[in-house]
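Asks: Take a look at this one; I'll ask things after.
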Amino acid sequence: MNRDILVPLASGTIFGAGLTIGGMTDPARVRGFLDLFGNWDPTLAFVMGGAVLVMAVAWLIQRRMARPIFAEGFSLPDRSDLTARLVGGSALFGIGWGIAGLCPGPGFAALAIAPGSAAIFVIALLVGMLAVRLVEGQG
Amino acid sequence: MMLPGFLDAAPLAGLAGGVMIGLAAAIMLLGAGRIAGVSGIAARAFGLADGSQPRSQAWAFVIGLPLGALIVMSLTGAAAPAFASPALLVIAGVIVGVGTRLGSGCTSGHGVCGMSRLSQRSLVAVATFMATGFATVAAMNALGIEVLS
């Protein structure tokens with residue numbers, strides 16, 4: 001196994017562990033956070049706050065790096081245009097997130113927690129992604 | 001630690017988990033030079049998106065997610081939480097799949113990686129999916145739809 005694989009494997013594993021410790025793999029926890037007008041649970045604000053703080057430092061470091069430690073160059077999004085597609089897609093995502101209390105990361109992580117339920121969600125998620133791919137074509 | 005007024009909240013566990021998620025995203029950024037956005041990487045792993053990321057790299061990240069969850073669950077011995085019914089999981093999954101592809105990201109790519117970079121697109125995306133997430137749960141509660149029982 002080379003480091004091209006080890007870096008994303010380490011990242012994914014720490015990511016999955018963090019999601020689980022932070023309560024994001026518990027749909028009740030997530031829906032409690034989204035229940036702003038009811039019995040609100042602010043825990044996920046702490047998850048997001050902690051993650052954003054650490055990443056804000058990482059972006060400061062990134063600006064001073066000519067290239068990543070284990071890759072030839074940075075491959076980062078550079079778009080700044082606000083489109084109907086961005087807003088419409090994000091609106092849909094929020095609806096799906098609210099219905100079951102799962103977003104993509106916790107969906108995959110939960111394969112190790114509640115395999116049956118998580119597999120149903122993940123397969124449906126991939127079907128949704130495939131639908132976009134088929135409608136829009138490749139590229 | 002308890003948060004006054006919010007008896008169910010777990011702020012310290014949330015913060016600890018969040019810091020780990022941030023570290024994971026930082027490893028991806030500074031190590032591999034890429035955004036740790038789960039929806040985009042998953043789409044790449046399953047051949048549902050084009051891009052420069054090698055699919056083996058995308059697979060390694062995706063496989064790590066349940067691996068990390070498994071490690072935490074075995075160390076803590078915590079019981080599995082309740083999940084929505086299969087019908088609701090299918091509906092939610094399809095909507096999340098379509099929405100994250102059209103919206104170019106989810107809670108990790110836009111939320112963790114984009115917001116911390118003050119990306120205008122990510123700030124708009126997060127404000128939008130938070131708003132519809134709040135509205136969805138409020139509407140389901142108003143209609144008396146039980147999701148986790």
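Following the order of the structure tokens, chains are lettered A, B, ..., residues in each are numbered from 1, and ligands are numbered from 1.
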Just want the 7 Å neighbourhood of Leu86 in chain A, counted on only C-alpha atoms, with same-chain residues fewer than 4 positions away dropped. Output as a PyMOL selection string.
Replies: (chain A and resi 82+90) or (chain B and resi 102-104+125)
Asks: What would the file look like if the residues just selected were written as an mmCIF file, in the first residue's frame with C-alpha atoms?
Replies:
data_model
loop_
_atom_site.group_PDB
_atom_site.id
_atom_site.type_symbol
_atom_site.label_atom_id
_atom_site.label_comp_id
_atom_site.auth_asym_id
_atom_site.auth_seq_id
_atom_site.Cartn_x
_atom_site.Cartn_y
_atom_site.Cartn_z
ATOM 1 C CA LEU A 82 -23.800 31.494 -7.373
ATOM 2 C CA SER A 90 -28.526 22.399 -1.560
ATOM 3 C CA LEU B 102 -26.602 19.319 -8.099
ATOM 4 C CA GLY B 103 -25.385 21.390 -5.161
ATOM 5 C CA SER B 104 -21.760 20.222 -5.591
ATOM 6 C CA ALA B 125 -25.067 26.211 0.160
#
Asks: So how many Å separate CA of Ser117 in chain A and CA of Val62 in chain B, to one decimal?
Replies: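 Computed distance, CA of Ser117 in chain A to CA of Val62 in chain B, equals 17.4 Å.
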Asks: So that I can check the surroundings of Ala17 in chain A, please list as an NGL selection string every protein, DNA and RNA residue that reaches within 12 Å of it, counting only C-alpha atoms and ignoring chain neighbours fewer than 4 positions away.
Replies: (:A and (10-13 or 21-25 or 105-106 or 108-110 or 112-113)) or (:B and (13-14 or 16-24 or 64-76))
Asks: Within 10 Å of Asp4 in chain A, counting only C-alpha atoms, which residues show up once you throw out same-chain ones fewer than 2 positions away? Write them as number ranges by chain, please.
Replies: A: 1-2, 6-9, 70-71; B: 31-32, 54, 56-57, 60
Asks: Taking the backbone alone, and naming residues the way the document does, which bits of chain B are alpha helix (DSSP H) by DSSP, as a PyMOL selection string?
Replies: chain B and resi 11-27+38-45+55-76+86-102+120-142
Asks: Write out the residues from the selection above, keeping C-alpha atoms, as a JSON list (two decimals), in the first residue's frame.
Replies:
[["chain", "number", "residue", "atom", "x", "y", "z"],
["B", 11, "PRO", "CA", -21.11, 19.75, 23.68],
["B", 12, "LEU", "CA", -17.73, 18.24, 24.65],
["B", 13, "ALA", "CA", -18.24, 15.05, 22.64],
["B", 14, "GLY", "CA", -19.47, 17.22, 19.79],
["B", 15, "LEU", "CA", -16.42, 19.46, 19.96],
["B", 16, "ALA", "CA", -14.05, 16.47, 20.18],
["B", 17, "GLY", "CA", -15.71, 14.82, 17.19],
["B", 18, "GLY", "CA", -15.63, 18.10, 15.30],
["B", 19, "VAL", "CA", -11.91, 18.60, 15.94],
["B", 20, "MET", "CA", -11.27, 15.07, 14.63],
["B", 21, "ILE", "CA", -13.33, 15.79, 11.51],
["B", 22, "GLY", "CA", -11.33, 18.99, 11.02],
["B", 23, "LEU", "CA", -8.05, 17.08, 11.42],
["B", 24, "ALA", "CA", -9.23, 14.48, 8.91],
["B", 25, "ALA", "CA", -10.08, 17.21, 6.40],
["B", 26, "ALA", "CA", -6.73, 18.91, 7.11],
["B", 27, "ILE", "CA", -4.87, 15.66, 6.38],
["B", 38, "VAL", "CA", -17.86, 12.99, 1.18],
["B", 39, "SER", "CA", -20.52, 13.31, -1.53],
["B", 40, "GLY", "CA", -17.99, 14.20, -4.22],
["B", 41, "ILE", "CA", -15.49, 11.55, -3.18],
["B", 42, "ALA", "CA", -18.21, 8.87, -2.95],
["B", 43, "ALA", "CA", -19.49, 9.80, -6.41],
["B", 44, "ARG", "CA", -15.92, 9.53, -7.70],
["B", 45, "ALA", "CA", -15.37, 6.15, -6.00],
["B", 55, "ARG", "CA", -10.65, 6.18, -7.93],
["B", 56, "SER", "CA", -8.40, 4.08, -5.68],
["B", 57, "GLN", "CA", -7.83, 7.19, -3.56],
["B", 58, "ALA", "CA", -11.57, 7.88, -3.41],
["B", 59, "TRP", "CA", -12.24, 4.30, -2.37],
["B", 60, "ALA", "CA", -9.63, 4.48, 0.39],
["B", 61, "PHE", "CA", -11.39, 7.52, 1.90],
["B", 62, "VAL", "CA", -14.87, 5.96, 1.60],
["B", 63, "ILE", "CA", -13.73, 2.68, 3.20],
["B", 64, "GLY", "CA", -12.14, 4.66, 6.04],
["B", 65, "LEU", "CA", -15.49, 6.16, 7.10],
["B", 66, "PRO", "CA", -17.10, 2.92, 8.42],
["B", 67, "LEU", "CA", -13.67, 1.76, 9.59],
["B", 68, "GLY", "CA", -13.39, 4.79, 11.89],
["B", 69, "ALA", "CA", -16.96, 4.30, 13.10],
["B", 70, "LEU", "CA", -16.23, 0.63, 13.79],
["B", 71, "ILE", "CA", -13.16, 1.50, 15.87],
["B", 72, "VAL", "CA", -15.11, 4.01, 17.99],
["B", 73, "MET", "CA", -18.07, 1.67, 18.47],
["B", 74, "SER", "CA", -15.79, -1.20, 19.57],
["B", 75, "LEU", "CA", -13.88, 1.03, 21.98],
["B", 76, "THR", "CA", -16.98, 2.59, 23.55],
["B", 86, "PRO", "CA", -36.60, 1.63, 5.11],
["B", 87, "ALA", "CA", -39.16, 3.65, 3.14],
["B", 88, "LEU", "CA", -38.00, 6.95, 4.64],
["B", 89, "LEU", "CA", -34.33, 5.96, 4.21],
["B", 90, "VAL", "CA", -34.94, 5.34, 0.50],
["B", 91, "ILE", "CA", -36.74, 8.66, 0.02],
["B", 92, "ALA", "CA", -34.14, 10.58, 2.02],
["B", 93, "GLY", "CA", -31.22, 8.82, 0.33],
["B", 94, "VAL", "CA", -32.39, 9.57, -3.20],
["B", 95, "ILE", "CA", -33.06, 13.23, -2.34],
["B", 96, "VAL", "CA", -29.66, 13.58, -0.67],
["B", 97, "GLY", "CA", -27.97, 11.92, -3.66],
["B", 98, "VAL", "CA", -29.62, 14.20, -6.20],
["B", 99, "GLY", "CA", -29.24, 17.30, -4.04],
["B", 100, "THR", "CA", -25.56, 16.85, -3.24],
["B", 101, "ARG", "CA", -24.64, 16.29, -6.89],
["B", 102, "LEU", "CA", -26.60, 19.32, -8.10],
["B", 120, "GLN", "CA", -19.09, 32.27, -1.15],
["B", 121, "ARG", "CA", -20.67, 29.24, -2.82],
["B", 122, "SER", "CA", -20.28, 27.13, 0.31],
["B", 123, "LEU", "CA", -21.73, 29.80, 2.60],
["B", 124, "VAL", "CA", -24.80, 30.01, 0.35],
["B", 125, "ALA", "CA", -25.07, 26.21, 0.16],
["B", 126, "VAL", "CA", -24.84, 25.78, 3.94],
["B", 127, "ALA", "CA", -27.38, 28.54, 4.63],
["B", 128, "THR", "CA", -29.71, 26.89, 2.14],
["B", 129, "PHE", "CA", -29.48, 23.30, 3.35],
["B", 130, "MET", "CA", -29.69, 24.34, 6.98],
["B", 131, "ALA", "CA", -32.83, 26.34, 6.22],
["B", 132, "THR", "CA", -34.54, 23.50, 4.36],
["B", 133, "GLY", "CA", -33.36, 21.02, 7.01],
["B", 134, "PHE", "CA", -34.94, 23.11, 9.77],
["B", 135, "ALA", "CA", -38.12, 23.53, 7.69],
["B", 136, "THR", "CA", -38.33, 19.80, 6.90],
["B", 137, "VAL", "CA", -38.11, 18.70, 10.54],
["B", 138, "ALA", "CA", -40.55, 21.44, 11.60],
["B", 139, "ALA", "CA", -43.01, 20.40, 8.90],
["B", 140, "MET", "CA", -42.74, 16.70, 9.74],
["B", 141, "ASN", "CA", -43.26, 17.45, 13.43],
["B", 142, "ALA", "CA", -46.27, 19.63, 12.63]]
Asks: What gap, in Å, lies between CA of Thr83 in chain A and CA of Ala36 in chain B?
Replies: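 Separation between CA of Thr83 in chain A and CA of Ala36 in chain B: 22.3 Å.
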Asks: Check the smallest atom-to-atom distance from each of B:Leu48, B:Leu30, B:Leu118, B:Gly5 to Gln62 in chain A using only C-alpha atoms, then report the winner.
Replies: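 Looking only at the distances to Gln62 in chain A, the closest residue turns out to be B:Leu30.
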Asks: For chain A, which residue among B:His110, B:Ser85, B:Gly33, B:Gln53 is the nearest when counting only C-alpha atoms?
Replies: B:Gly33
Asks: Between B:Gly105, B:Ser116, B:Phe46, B:Leu143, which is the closest to chain A once you count only C-alpha atoms?
Replies: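 Selected residue with least distance to chain A: B:Ser116.
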